[in-house]
Amino acid sequence: MKKLYVGNLAWGITDDDLQNLFSEFGQVASAVVITDRETGRSRGFGFVELEDGADQAIEALNGQEVQGRPLRVNEAQSKGRGGSGGNRGGGRPF
(Lines give C-alpha, C1' and ligand atoms only; values in the text may rest on other atoms or scores of the structure.)
Protein backbone atom coordinates (compact mmCIF):
# COMPACT_ATOMS: atom_id res chain seq x y z
CA MET A 1 0.00 0.00 0.00
CA LYS A 2 1.24 3.49 -0.84
CA LYS A 3 0.20 6.82 0.61
CA LEU A 4 0.01 9.68 -1.88
CA TYR A 5 0.11 13.41 -1.29
CA VAL A 6 -2.41 15.34 -3.38
CA GLY A 7 -1.78 19.09 -3.46
CA ASN A 8 -3.21 22.21 -5.08
CA LEU A 9 -6.78 21.02 -4.50
CA ALA A 10 -9.69 23.31 -5.31
CA TRP A 11 -11.44 24.46 -2.13
CA GLY A 12 -14.61 22.53 -3.00
CA ILE A 13 -12.97 19.08 -3.29
CA THR A 14 -14.28 16.58 -0.71
CA ASP A 15 -13.03 13.26 0.64
CA ASP A 16 -15.55 11.52 -1.63
CA ASP A 17 -14.27 13.44 -4.66
CA LEU A 18 -10.73 12.23 -3.93
CA GLN A 19 -11.98 8.68 -3.44
CA ASN A 20 -13.79 8.75 -6.79
CA LEU A 21 -10.86 10.35 -8.62
CA PHE A 22 -8.36 7.71 -7.48
CA SER A 23 -10.66 4.66 -7.52
CA GLU A 24 -10.09 4.04 -11.22
CA PHE A 25 -6.43 3.20 -10.44
CA GLY A 26 -7.04 0.67 -7.67
CA GLN A 27 -8.62 -0.05 -4.30
CA VAL A 28 -8.65 3.16 -2.23
CA ALA A 29 -8.04 2.40 1.45
CA SER A 30 -8.54 6.02 2.52
CA ALA A 31 -8.96 9.48 1.01
CA VAL A 32 -8.84 12.57 3.21
CA VAL A 33 -8.82 16.29 2.46
CA ILE A 34 -6.95 18.08 5.25
CA THR A 35 -8.98 20.85 6.89
CA ASP A 36 -8.15 23.75 9.17
CA ARG A 37 -8.97 22.87 12.79
CA GLU A 38 -10.47 26.24 13.59
CA THR A 39 -12.46 27.03 10.44
CA GLY A 40 -13.11 23.56 9.01
CA ARG A 41 -12.10 24.82 5.54
CA SER A 42 -9.91 22.80 3.22
CA ARG A 43 -6.20 23.54 3.44
CA GLY A 44 -5.83 22.70 -0.25
CA PHE A 45 -4.20 19.29 0.08
CA GLY A 46 -4.99 15.75 1.10
CA PHE A 47 -3.79 12.17 1.23
CA VAL A 48 -4.91 9.01 -0.54
CA GLU A 49 -3.88 5.47 0.35
CA LEU A 50 -4.03 2.98 -2.52
CA GLU A 51 -3.71 -0.79 -2.23
CA ASP A 52 -2.26 -0.92 -5.74
CA GLY A 53 -2.02 1.33 -8.80
CA ALA A 54 -0.33 4.22 -6.98
CA ASP A 55 2.39 4.67 -9.61
CA GLN A 56 -0.22 4.76 -12.38
CA ALA A 57 -2.27 7.30 -10.42
CA ILE A 58 0.77 9.56 -9.98
CA GLU A 59 1.59 9.30 -13.68
CA ALA A 60 -1.98 10.03 -14.80
CA LEU A 61 -3.07 12.66 -12.27
CA ASN A 62 0.04 14.73 -11.54
CA GLY A 63 -0.55 17.99 -13.43
CA GLN A 64 -4.10 16.97 -14.38
CA GLU A 65 -6.55 19.86 -14.06
CA VAL A 66 -9.43 19.20 -11.65
CA GLN A 67 -11.97 21.95 -10.94
CA GLY A 68 -9.68 24.48 -12.60
CA ARG A 69 -6.48 23.64 -10.71
CA PRO A 70 -3.57 21.39 -11.77
CA LEU A 71 -3.07 18.67 -9.15
CA ARG A 72 0.27 17.85 -7.58
CA VAL A 73 0.39 14.13 -6.90
CA ASN A 74 3.38 12.27 -5.50
CA GLU A 75 4.29 9.69 -2.91
CA ALA A 76 3.78 11.10 0.58
CA GLN A 77 6.85 11.66 2.72
CA SER A 78 6.94 10.36 6.27
CA LYS A 79 6.51 12.89 9.07
CA GLY A 80 10.00 12.34 10.49
CA ARG A 81 12.00 13.31 7.42
CA GLY A 82 14.73 15.27 9.16
CA GLY A 83 14.98 18.98 9.65
CA SER A 84 15.92 21.03 12.66
CA GLY A 85 13.10 20.16 14.98
CA GLY A 86 10.03 22.22 15.65
CA ASN A 87 11.44 25.76 15.65
CA ARG A 88 10.29 26.94 12.23
CA GLY A 89 9.56 30.58 12.88
CA GLY A 90 12.98 32.15 13.17
CA GLY A 91 11.97 33.62 16.49
CA ARG A 92 12.95 32.53 19.93
CA PRO A 93 12.24 28.90 20.80
CA PHE A 94 9.73 28.31 23.57
# chains A, B, ... in the order shown; residues from 1 in each chain; ligands from 1

$ residues_around --residues "Gly7 (chain A)" --least-positions-apart "3" --cutoff "6 Å" --atoms "only C-alpha atoms" --output "PyMOL selection string"
chain A and resi 45+71-72

$ write_last_selection --atoms "C-alpha atoms" --output "PDB file, in the first residue's frame"
ATOM      1  CA  PHE A  45      -4.197  19.287   0.083  1.00  0.00           C
ATOM      2  CA  LEU A  71      -3.073  18.674  -9.151  1.00  0.00           C
ATOM      3  CA  ARG A  72       0.270  17.848  -7.581  1.00  0.00           C
TER       4      ARG A  72
END

$ select_by_dssp --residues "chain A" --states "alpha helix (DSSP H)" --output "count of residues only"
17

$ closest_residue --among "A:Thr35, A:Leu21, A:Asn74, A:Gln67" --to "Ala54 (chain A)" --atoms "only C-alpha atoms"
A:Asn74

$ select_by_dssp --residues "chain A" --states "strand (DSSP E or B)" --output "ChimeraX atom specification"
/A:2-7,28-35,42-50,65-66,69-70,72-75

$ residues_around --residues "Asp16 (chain A)" --least-positions-apart "6" --cutoff "12 Å" --atoms "only C-alpha atoms" --output "PyMOL selection string"
chain A and resi 22-23+28+30-33+46+48

$ closest_residue --among "A:Gly44, A:Gly26, A:Gly63, A:Gly53" --to "Asn8 (chain A)" --atoms "only C-alpha atoms"
A:Gly44

$ closest_residue --among "A:Phe47, A:Asn62, A:Phe25, A:Asp17" --to "Gln77 (chain A)" --atoms "only C-alpha atoms"
A:Phe47

$ closest_residue --among "A:Ser42, A:Val73, A:Ile13, A:Lys79" --to "Ile58 (chain A)" --atoms "only C-alpha atoms"
A:Val73

$ atom_distance --atom1 "CA of Gln27 (chain A)" --atom2 "CA of Leu50 (chain A)"
5.8 Å

$ atom_distance --atom1 "CA of Leu61 (chain A)" --atom2 "CA of Thr14 (chain A)"
16.6 Å
